[in-house]
Each structure stands twice: as C-alpha cells, then as structure tokens.
Amino acid sequence: MSDENQNEPAGGFLNGRGPIIALAALTLISLAAVCALGYSLLNVNGVTIGGGDDNVEPTPFTQPGIDIPANNESIVSGISGDSTISLTLDIPMTLTVGERDFVVLPQTINPDGSWSPGISSDSSAGWVYGSIINYIMALQPSSENTALLQSLAPGSELVMTTQSGTDFVFEVEGSRQVPVDDLSVFSQLSPGMTLVLMGEEEGERLIVDGRYTVSDSPSASGGGEANSDIEMGEPVQLDGMQVTIENATYIPDHPETPSGFAFFILDGTLQNTTATTIDAGSLRPILIDESGNQYVQNSVASSLGANPPLTGGFVASGQILPFSIGYQIPTGLSSTTLIAQLLRQDTGAGVQIKIPFSSKSAIESATITLQSVQVSQDLSSMVLSGQITNGGNQPIVVAQSDITLRTPDGASYLILSSNPPFPWTVPAEQTLLYSVTFQRPLSSDSAVFTVVNQPFQLNNLQ
C-alpha cells in the first residue's frame, strides 16, 4: 500500500487525535487481556488466546508506524512473565454486504497520529489493522453505499473472507447514528463487526453493528463433510484425510500454564485414505466454545499429549499419524460442549466435532497410591512403584515434571528412568501401574515423593 493512498483524506473518518489516543492507549494493554476475551479468529502456531467477559480491557491495536506483515508472519508480544504469545494474522481480504462485495484494505495509523483510510473507491473497505475481536470496517459515503447500509435489517448477514479462504459470518444487530468523536466504535469487548459510513451529517456517522455467529457447517468447498453432529471418537473424512479425535484432557494446574489459564489437549489420529501423499500441515484445527470464542494451538500444551504434536509433514497412502493438539483456555470456562473445527486449507473441506467439556480437573477424580520402595544393591538409586486409578470421564496425562522427589533441605533428585515412559496417560475409568527410578538421597534420611498433587513421606532412607 503506497504512502499516497495511506494518507489520502477520505471523508475525514476518525480523523483527529481523540480516537488515536484511545488506540494508542490500547497498545499498552497486555495480550493477556486478549486471552481473557477468548476470541481471535487467528491462525496461530504458538501460545493462543481465549475467552473472557465484559469487564476485560479492549484488544490493543497496532502502534503507529508498524508495517503490515505479510500473511503467515508472526506478531509476538508478552503475555506473563517470560511467556510469549505468537500470533499469525489471517488478513481479511473481502467483505460481502448484501449483494455487494468489497475489497478490504488494511490500514495503519498515520505518522501524525490520525487515521484516514486510504480508499478512494466505493467498492473498497478500510479495516483498522489490529482490530481482531470487533472488526472495524469503513466504507466511502457514496449514495450507493449509504442506501446499502440503510437497507440492512436485523438478521442480515455480513460475510468476511480472510486470506486463508475462511469465511466468517456476522449477523446485523441494528444500526445507529453516533457522534464523530464517539470512541465506543473501537470497543473490543465482544466478537463482532462495526461497519462505519465515513461521511458526516450534522456531526454524526451511520454505524451498523454486527454480531459474530458460529456457523453450524463450516466451508467445505473441497467436498469434505461439514457436520457439527460428529461426536468425539467418530472418524470423519476431509477429502481423503480421515481424522478421529479420541480423547480430551483438561489440565488446570500444570506448572507451565500462565496464571488464569488451563491446558486442554485433544488426542487423535489422521489417516491418508487416498492413493497419493498428503500434507498433514494443511489441517488447521480450531477450538470453539459455546459463546463462539475461538482458541488456537498452544505448543507447550500440545507437547503434553499422549501423541506427538501435530506439526505437519507428509503422510503416505494408508499411513496413520497419531497426533495431539493442545490449547490454552481460561480456567473455569463455562461451556458444557466445545467444538473442534478442522479445516483443510488446501481444499477448503471442513468439519466440526463435539467435545464434552468440564472445567473440573480429571486428576481430582483420581486415586494415586505408592505401593513399594526398593533401594538398589549398590545403594545409588531407588525404585518407587504404585498405581493411578482414573475415576473420572476424562483421560489423565502425567508429565515428567509432575513427578518429584525432594529432601527437607530443598534438594531435588534426578529421575533415571520410568515405566511406562513419560507422559503417562490414564484413560477414563482405568488404572495405570507405574514405577519410577530416582537417584537415592545421600544426605538425608527422609524425602517427599510427589505424584501430581499427591505427596508421600519416605523415611529411613539411610
């Protein structure tokens, strides 16, 4: 986008420093607020963002002077402590309003602190780059555009198509006239779209408010199934890619989970049912709650699953690829069902799978025992054996970091081996027998052995 177009006056929409001060202030807010909002509509390969309520702060917009990245480039910002969140923005490309299509032009803030959409055509829409929860779009005030927006009734659809080819649907809630200095148009507190007619009439502008809706049947132009009645455990076809989500695990207290968030992990398999090789990297998994908030992959959570993380790679004809997909979601998320939306970016085929959800940790229903402690003949190590019984309806995943042996002086001892290897997965209503070998404490007669949240006092170790 040229500098000439970027700074071209276009009806004076949002000119002046008032709205820009609000935008600049939003950049100071941590992206943890975005996670609390729980809606991103992003394609992410890192730590993800999730749900929230009406009390959280708006999403920060891009700072003035930042260049718009190409598709698949990441925006990296802090989230808490040393953790980071990496977002790959899926740029809006077109906007359909009624029977008309508009080309979407991303806009940054001008160097002087004002924002004048660089659009001179009444068939283009200016999008405030960085407004990713409530998409802010501007149209030229031509007579045709004015008549179009005035004709929109509640329930009318606004369809936004992104660079990846994904369609997002918004339902018109109503229209209103707002003062030109009304900063509420920048609200990022709920998923939706604010469509603004740039012209001014007696100091007011026409605003159309759209609410984001979750489609029951995602785009499947490639011929794949688009069915939201699929249950967990049922195999589904996506143009020759058969996918099954087999298990779901909620982990609220993992040490690598940022404060206020929990991990949610899906374990499944992908099978190539075609006669040619396919690319697993074309599968885009998104998690959606009942409110329409969307969550994307979290690499740390994915590594805790029962299978290797889904990171792409080619799958030969007939080959089965086990995978795990991990997400970061708010603790205490109120949603009895989650939807795993799987999209093939190469063919457009999509499917939605229902996932039962409870914010209660599966480990709370577990019974953990320590049955024996054996010291090796050379006194250098000790083997601790027991069992974990899962009385809940979700699998339990135990990582190596969940198992510790510490002495009263604060020393931690090295795990030499374990059976089975980590991570341990205990399916619902089943029992896992375990044994783990530690270095034997040499400086203390006692130690505490801990499995997840269950400690065991060990005495007479010398």
# chains A, B, ... in the order shown; residues from 1 in each chain; ligands from 1
>>> residues_around(residues="A:Val452", least_positions_apart="6", cutoff="10 Å", atoms="only C-alpha atoms", output="PyMOL selection string")
chain A and resi 253-254+363+368+397-404
>>> residues_around(residues="A:Thr369", least_positions_apart="5", cutoff="7 Å", atoms="only C-alpha atoms", output="list in words")
Gly386, Gln387 and Ile388 of chain A
>>> write_last_selection(atoms="C-alpha atoms", output="PDB file, in the first residue's frame")
ATOM      1  CA  GLY A 386       2.379 -47.693  42.574  1.00  0.00           C
ATOM      2  CA  GLN A 387      -0.764 -47.104  40.591  1.00  0.00           C
ATOM      3  CA  ILE A 388      -3.058 -44.324  39.386  1.00  0.00           C
TER       4      ILE A 388
END
>>> residues_around(residues="A:Gly268", least_positions_apart="6", cutoff="8 Å", atoms="only C-alpha atoms", output="NGL selection string")
:A and (243-247 or 307 or 322-324)
>>> write_last_selection(atoms="C-alpha atoms", output="short mmCIF file (atom, residue, chain, number, x, y, z; two decimals), in the first residue's frame")
data_model
loop_
_atom_site.label_atom_id
_atom_site.label_comp_id
_atom_site.auth_asym_id
_atom_site.auth_seq_id
_atom_site.Cartn_x
_atom_site.Cartn_y
_atom_site.Cartn_z
CA VAL A 243 -9.46 -37.73 11.23
CA THR A 244 -10.56 -39.11 14.61
CA ILE A 245 -10.48 -37.18 17.90
CA GLU A 246 -10.19 -39.94 20.52
CA ASN A 247 -9.54 -38.24 23.87
CA ASN A 307 0.85 -38.46 20.95
CA PRO A 322 -1.20 -40.20 15.78
CA PHE A 323 -1.25 -36.58 16.96
CA SER A 324 -2.04 -34.32 19.90
#
>>> select_by_dssp(residues="stretch 262-301 of chain A", states="helix (DSSP H, G or I)", output="list in words")
Ala280, Gly281, Ser282, Ser299, Val300 and Ala301 of chain A
>>> atom_distance(atom1="atom CA of A:Val103", atom2="atom CA of A:Ser123")
6.6 Å
>>> atom_distance(atom1="atom CA of A:Thr94", atom2="atom CA of A:Gly126")
10.5 Å
>>> residues_around(residues="A:Asn393", least_positions_apart="2", cutoff="7 Å", atoms="only C-alpha atoms", output="PyMOL selection string")
chain A and resi 395+428-429
>>> residues_around(residues="stretch 158-168 of chain A", least_positions_apart="4", cutoff="8 Å", atoms="only C-alpha atoms", output="ChimeraX atom specification")
/A:71,90-98,172,210,212-213,219,345,348
>>> atom_distance(atom1="atom CA of A:Tyr295", atom2="atom CA of A:Glu173")
24.6 Å
>>> residues_around(residues="A:Gly326", least_positions_apart="3", cutoff="9 Å", atoms="only C-alpha atoms", output="number ranges by chain")
A: 263-267, 296-305, 309
>>> closest_residue(among="A:Asn134, A:Thr249, A:Ser175, A:Asn460", to="A:Pro356", atoms="only C-alpha atoms")
A:Thr249
>>> closest_residue(among="A:Phe357, A:Phe186, A:Thr347, A:Leu379", to="A:Gly130", atoms="only C-alpha atoms")
A:Phe186
>>> residues_around(residues="A:Thr276", least_positions_apart="2", cutoff="8 Å", atoms="only C-alpha atoms", output="ChimeraX atom specification")
/A:274,278,316-317
>>> write_last_selection(atoms="N, CA and C atoms", output="tab-separated table (two decimals), in the first residue's frame")
chain	number	residue	atom	x	y	z
A	274	THR	N	-6.19	-41.76	0.64
A	274	THR	CA	-6.05	-41.58	-0.80
A	274	THR	C	-4.90	-42.44	-1.32
A	278	ILE	N	-0.26	-36.95	1.19
A	278	ILE	CA	-0.93	-35.70	1.58
A	278	ILE	C	-0.07	-34.99	2.63
A	316	ALA	N	2.06	-40.80	3.90
A	316	ALA	CA	1.96	-41.68	2.74
A	316	ALA	C	0.57	-42.33	2.67
A	317	SER	N	0.24	-42.84	1.51
A	317	SER	CA	-1.04	-43.51	1.30
A	317	SER	C	-1.23	-44.64	2.31
>>> select_by_dssp(residues="stretch 280-326 of chain A", states="strand (DSSP E)", output="PDB file with C-alpha atoms, in the first residue's frame")
ATOM      1  CA  LEU A 283      -5.014 -29.342   8.572  1.00  0.00           C
ATOM      2  CA  ARG A 284      -5.986 -26.263  10.592  1.00  0.00           C
ATOM      3  CA  PRO A 285      -7.523 -27.142  13.988  1.00  0.00           C
ATOM      4  CA  ILE A 286      -9.500 -24.521  15.955  1.00  0.00           C
ATOM      5  CA  LEU A 287     -11.296 -24.936  19.288  1.00  0.00           C
ATOM      6  CA  ILE A 288     -14.617 -23.077  19.765  1.00  0.00           C
ATOM      7  CA  GLN A 294     -12.133 -19.424  19.367  1.00  0.00           C
ATOM      8  CA  TYR A 295      -8.862 -20.858  20.652  1.00  0.00           C
ATOM      9  CA  PHE A 314       3.802 -35.691   4.588  1.00  0.00           C
ATOM     10  CA  VAL A 315       1.650 -38.780   5.178  1.00  0.00           C
ATOM     11  CA  ILE A 320      -1.854 -43.457  10.178  1.00  0.00           C
ATOM     12  CA  LEU A 321      -0.398 -40.457  12.012  1.00  0.00           C
ATOM     13  CA  PRO A 322      -1.198 -40.198  15.775  1.00  0.00           C
ATOM     14  CA  PHE A 323      -1.249 -36.579  16.961  1.00  0.00           C
ATOM     15  CA  SER A 324      -2.043 -34.317  19.901  1.00  0.00           C
ATOM     16  CA  ILE A 325      -3.311 -30.723  19.749  1.00  0.00           C
ATOM     17  CA  GLY A 326      -3.054 -28.553  22.844  1.00  0.00           C
TER      18      GLY A 326
END
>>> closest_residue(among="A:Pro179, A:Gly313, A:Asp378, A:Phe170", to="A:Gly203", atoms="only C-alpha atoms")
A:Pro179
>>> decode(residues="stretch 118-160 of chain A", atoms="N, CA and C atoms", output="PDB file, in the first residue's frame")
ATOM      1  N   GLY A 118      -7.058   4.791   3.432  1.00  0.00           N
ATOM      2  CA  GLY A 118      -6.538   5.060   2.099  1.00  0.00           C
ATOM      3  C   GLY A 118      -7.360   4.378   1.040  1.00  0.00           C
ATOM      4  N   ILE A 119      -8.635   4.689   0.986  1.00  0.00           N
ATOM      5  CA  ILE A 119      -9.521   4.084  -0.005  1.00  0.00           C
ATOM      6  C   ILE A 119     -10.235   5.206  -0.763  1.00  0.00           C
ATOM      7  N   SER A 120     -10.218   5.117  -2.068  1.00  0.00           N
ATOM      8  CA  SER A 120     -10.853   6.133  -2.905  1.00  0.00           C
ATOM      9  C   SER A 120     -11.987   5.550  -3.730  1.00  0.00           C
ATOM     10  N   SER A 121     -12.229   4.242  -3.567  1.00  0.00           N
ATOM     11  CA  SER A 121     -13.265   3.573  -4.346  1.00  0.00           C
ATOM     12  C   SER A 121     -14.417   3.187  -3.436  1.00  0.00           C
ATOM     13  N   ASP A 122     -15.642   3.296  -3.957  1.00  0.00           N
ATOM     14  CA  ASP A 122     -16.794   2.908  -3.145  1.00  0.00           C
ATOM     15  C   ASP A 122     -16.992   1.397  -3.138  1.00  0.00           C
ATOM     16  N   SER A 123     -16.068   0.659  -3.792  1.00  0.00           N
ATOM     17  CA  SER A 123     -16.118  -0.802  -3.747  1.00  0.00           C
ATOM     18  C   SER A 123     -15.021  -1.373  -2.854  1.00  0.00           C
ATOM     19  N   SER A 124     -14.377  -0.511  -2.060  1.00  0.00           N
ATOM     20  CA  SER A 124     -13.341  -0.939  -1.127  1.00  0.00           C
ATOM     21  C   SER A 124     -13.761  -0.603   0.301  1.00  0.00           C
ATOM     22  N   ALA A 125     -13.241  -1.386   1.244  1.00  0.00           N
ATOM     23  CA  ALA A 125     -13.494  -1.148   2.665  1.00  0.00           C
ATOM     24  C   ALA A 125     -12.168  -1.008   3.385  1.00  0.00           C
ATOM     25  N   GLY A 126     -12.061  -0.038   4.273  1.00  0.00           N
ATOM     26  CA  GLY A 126     -10.857   0.137   5.072  1.00  0.00           C
ATOM     27  C   GLY A 126     -11.015  -0.570   6.401  1.00  0.00           C
ATOM     28  N   TRP A 127     -10.037  -1.402   6.764  1.00  0.00           N
ATOM     29  CA  TRP A 127     -10.074  -2.165   8.024  1.00  0.00           C
ATOM     30  C   TRP A 127      -9.001  -1.628   8.957  1.00  0.00           C
ATOM     31  N   VAL A 128      -9.366  -1.283  10.188  1.00  0.00           N
ATOM     32  CA  VAL A 128      -8.389  -0.856  11.183  1.00  0.00           C
ATOM     33  C   VAL A 128      -7.521  -2.049  11.546  1.00  0.00           C
ATOM     34  N   TYR A 129      -6.293  -2.041  11.049  1.00  0.00           N
ATOM     35  CA  TYR A 129      -5.389  -3.164  11.290  1.00  0.00           C
ATOM     36  C   TYR A 129      -5.163  -3.342  12.787  1.00  0.00           C
ATOM     37  N   GLY A 130      -5.397  -4.560  13.271  1.00  0.00           N
ATOM     38  CA  GLY A 130      -5.247  -4.852  14.689  1.00  0.00           C
ATOM     39  C   GLY A 130      -6.574  -4.993  15.406  1.00  0.00           C
ATOM     40  N   SER A 131      -7.684  -4.579  14.781  1.00  0.00           N
ATOM     41  CA  SER A 131      -8.995  -4.787  15.400  1.00  0.00           C
ATOM     42  C   SER A 131      -9.444  -6.198  15.044  1.00  0.00           C
ATOM     43  N   ILE A 132      -9.132  -7.156  15.932  1.00  0.00           N
ATOM     44  CA  ILE A 132      -9.273  -8.574  15.603  1.00  0.00           C
ATOM     45  C   ILE A 132     -10.352  -9.261  16.418  1.00  0.00           C
ATOM     46  N   ILE A 133     -11.010  -8.545  17.312  1.00  0.00           N
ATOM     47  CA  ILE A 133     -12.148  -9.113  18.027  1.00  0.00           C
ATOM     48  C   ILE A 133     -13.420  -8.484  17.478  1.00  0.00           C
ATOM     49  N   ASN A 134     -13.488  -7.175  17.536  1.00  0.00           N
ATOM     50  CA  ASN A 134     -14.546  -6.451  16.843  1.00  0.00           C
ATOM     51  C   ASN A 134     -13.903  -5.800  15.616  1.00  0.00           C
ATOM     52  N   TYR A 135     -14.141  -6.363  14.442  1.00  0.00           N
ATOM     53  CA  TYR A 135     -13.534  -5.852  13.213  1.00  0.00           C
ATOM     54  C   TYR A 135     -14.151  -4.502  12.858  1.00  0.00           C
ATOM     55  N   ILE A 136     -13.305  -3.465  12.732  1.00  0.00           N
ATOM     56  CA  ILE A 136     -13.772  -2.126  12.412  1.00  0.00           C
ATOM     57  C   ILE A 136     -13.545  -1.877  10.928  1.00  0.00           C
ATOM     58  N   MET A 137     -14.626  -1.723  10.177  1.00  0.00           N
ATOM     59  CA  MET A 137     -14.572  -1.525   8.736  1.00  0.00           C
ATOM     60  C   MET A 137     -15.189  -0.169   8.370  1.00  0.00           C
ATOM     61  N   ALA A 138     -14.630   0.492   7.359  1.00  0.00           N
ATOM     62  CA  ALA A 138     -15.136   1.788   6.917  1.00  0.00           C
ATOM     63  C   ALA A 138     -15.451   1.738   5.425  1.00  0.00           C
ATOM     64  N   LEU A 139     -16.586   2.354   5.025  1.00  0.00           N
ATOM     65  CA  LEU A 139     -16.987   2.447   3.627  1.00  0.00           C
ATOM     66  C   LEU A 139     -17.069   3.911   3.209  1.00  0.00           C
ATOM     67  N   GLN A 140     -16.773   4.164   1.924  1.00  0.00           N
ATOM     68  CA  GLN A 140     -16.933   5.506   1.369  1.00  0.00           C
ATOM     69  C   GLN A 140     -18.416   5.896   1.395  1.00  0.00           C
ATOM     70  N   PRO A 141     -18.717   7.183   1.623  1.00  0.00           N
ATOM     71  CA  PRO A 141     -20.114   7.615   1.747  1.00  0.00           C
ATOM     72  C   PRO A 141     -20.790   7.912   0.412  1.00  0.00           C
ATOM     73  N   SER A 142     -20.660   6.987  -0.544  1.00  0.00           N
ATOM     74  CA  SER A 142     -21.354   7.188  -1.824  1.00  0.00           C
ATOM     75  C   SER A 142     -22.846   6.960  -1.611  1.00  0.00           C
ATOM     76  N   SER A 143     -23.632   7.407  -2.549  1.00  0.00           N
ATOM     77  CA  SER A 143     -25.078   7.226  -2.430  1.00  0.00           C
ATOM     78  C   SER A 143     -25.455   5.753  -2.419  1.00  0.00           C
ATOM     79  N   GLU A 144     -24.703   4.955  -3.191  1.00  0.00           N
ATOM     80  CA  GLU A 144     -24.989   3.522  -3.257  1.00  0.00           C
ATOM     81  C   GLU A 144     -24.656   2.849  -1.925  1.00  0.00           C
ATOM     82  N   ASN A 145     -23.502   3.211  -1.346  1.00  0.00           N
ATOM     83  CA  ASN A 145     -23.123   2.621  -0.060  1.00  0.00           C
ATOM     84  C   ASN A 145     -24.070   3.065   1.052  1.00  0.00           C
ATOM     85  N   THR A 146     -24.486   4.333   1.011  1.00  0.00           N
ATOM     86  CA  THR A 146     -25.414   4.839   2.026  1.00  0.00           C
ATOM     87  C   THR A 146     -26.729   4.083   1.971  1.00  0.00           C
ATOM     88  N   ALA A 147     -27.246   3.891   0.766  1.00  0.00           N
ATOM     89  CA  ALA A 147     -28.508   3.161   0.611  1.00  0.00           C
ATOM     90  C   ALA A 147     -28.357   1.712   1.061  1.00  0.00           C
ATOM     91  N   LEU A 148     -27.192   1.131   0.785  1.00  0.00           N
ATOM     92  CA  LEU A 148     -26.954  -0.261   1.166  1.00  0.00           C
ATOM     93  C   LEU A 148     -26.995  -0.426   2.678  1.00  0.00           C
ATOM     94  N   LEU A 149     -26.250   0.427   3.404  1.00  0.00           N
ATOM     95  CA  LEU A 149     -26.209   0.294   4.859  1.00  0.00           C
ATOM     96  C   LEU A 149     -27.552   0.618   5.492  1.00  0.00           C
ATOM     97  N   GLN A 150     -28.267   1.580   4.932  1.00  0.00           N
ATOM     98  CA  GLN A 150     -29.578   1.926   5.472  1.00  0.00           C
ATOM     99  C   GLN A 150     -30.599   0.813   5.251  1.00  0.00           C
ATOM    100  N   SER A 151     -30.344  -0.044   4.265  1.00  0.00           N
ATOM    101  CA  SER A 151     -31.288  -1.127   3.956  1.00  0.00           C
ATOM    102  C   SER A 151     -31.073  -2.363   4.820  1.00  0.00           C
ATOM    103  N   LEU A 152     -29.967  -2.413   5.564  1.00  0.00           N
ATOM    104  CA  LEU A 152     -29.663  -3.602   6.353  1.00  0.00           C
ATOM    105  C   LEU A 152     -30.603  -3.703   7.550  1.00  0.00           C
ATOM    106  N   ALA A 153     -31.302  -4.820   7.655  1.00  0.00           N
ATOM    107  CA  ALA A 153     -32.222  -5.062   8.763  1.00  0.00           C
ATOM    108  C   ALA A 153     -31.586  -6.038   9.744  1.00  0.00           C
ATOM    109  N   PRO A 154     -32.029  -6.041  10.997  1.00  0.00           N
ATOM    110  CA  PRO A 154     -31.516  -7.035  11.944  1.00  0.00           C
ATOM    111  C   PRO A 154     -31.659  -8.446  11.398  1.00  0.00           C
ATOM    112  N   GLY A 155     -30.590  -9.203  11.497  1.00  0.00           N
ATOM    113  CA  GLY A 155     -30.572 -10.558  10.954  1.00  0.00           C
ATOM    114  C   GLY A 155     -29.879 -10.663   9.617  1.00  0.00           C
ATOM    115  N   SER A 156     -29.645  -9.525   8.958  1.00  0.00           N
ATOM    116  CA  SER A 156     -28.907  -9.550   7.692  1.00  0.00           C
ATOM    117  C   SER A 156     -27.478 -10.021   7.935  1.00  0.00           C
ATOM    118  N   GLU A 157     -26.890 -10.645   6.931  1.00  0.00           N
ATOM    119  CA  GLU A 157     -25.552 -11.217   7.092  1.00  0.00           C
ATOM    120  C   GLU A 157     -24.470 -10.329   6.490  1.00  0.00           C
ATOM    121  N   LEU A 158     -23.347 -10.252   7.205  1.00  0.00           N
ATOM    122  CA  LEU A 158     -22.114  -9.662   6.711  1.00  0.00           C
ATOM    123  C   LEU A 158     -21.094 -10.794   6.681  1.00  0.00           C
ATOM    124  N   VAL A 159     -20.452 -11.020   5.552  1.00  0.00           N
ATOM    125  CA  VAL A 159     -19.517 -12.142   5.422  1.00  0.00           C
ATOM    126  C   VAL A 159     -18.125 -11.603   5.124  1.00  0.00           C
ATOM    127  N   MET A 160     -17.175 -11.956   5.972  1.00  0.00           N
ATOM    128  CA  MET A 160     -15.776 -11.556   5.784  1.00  0.00           C
ATOM    129  C   MET A 160     -14.962 -12.783   5.400  1.00  0.00           C
TER     130      MET A 160
END
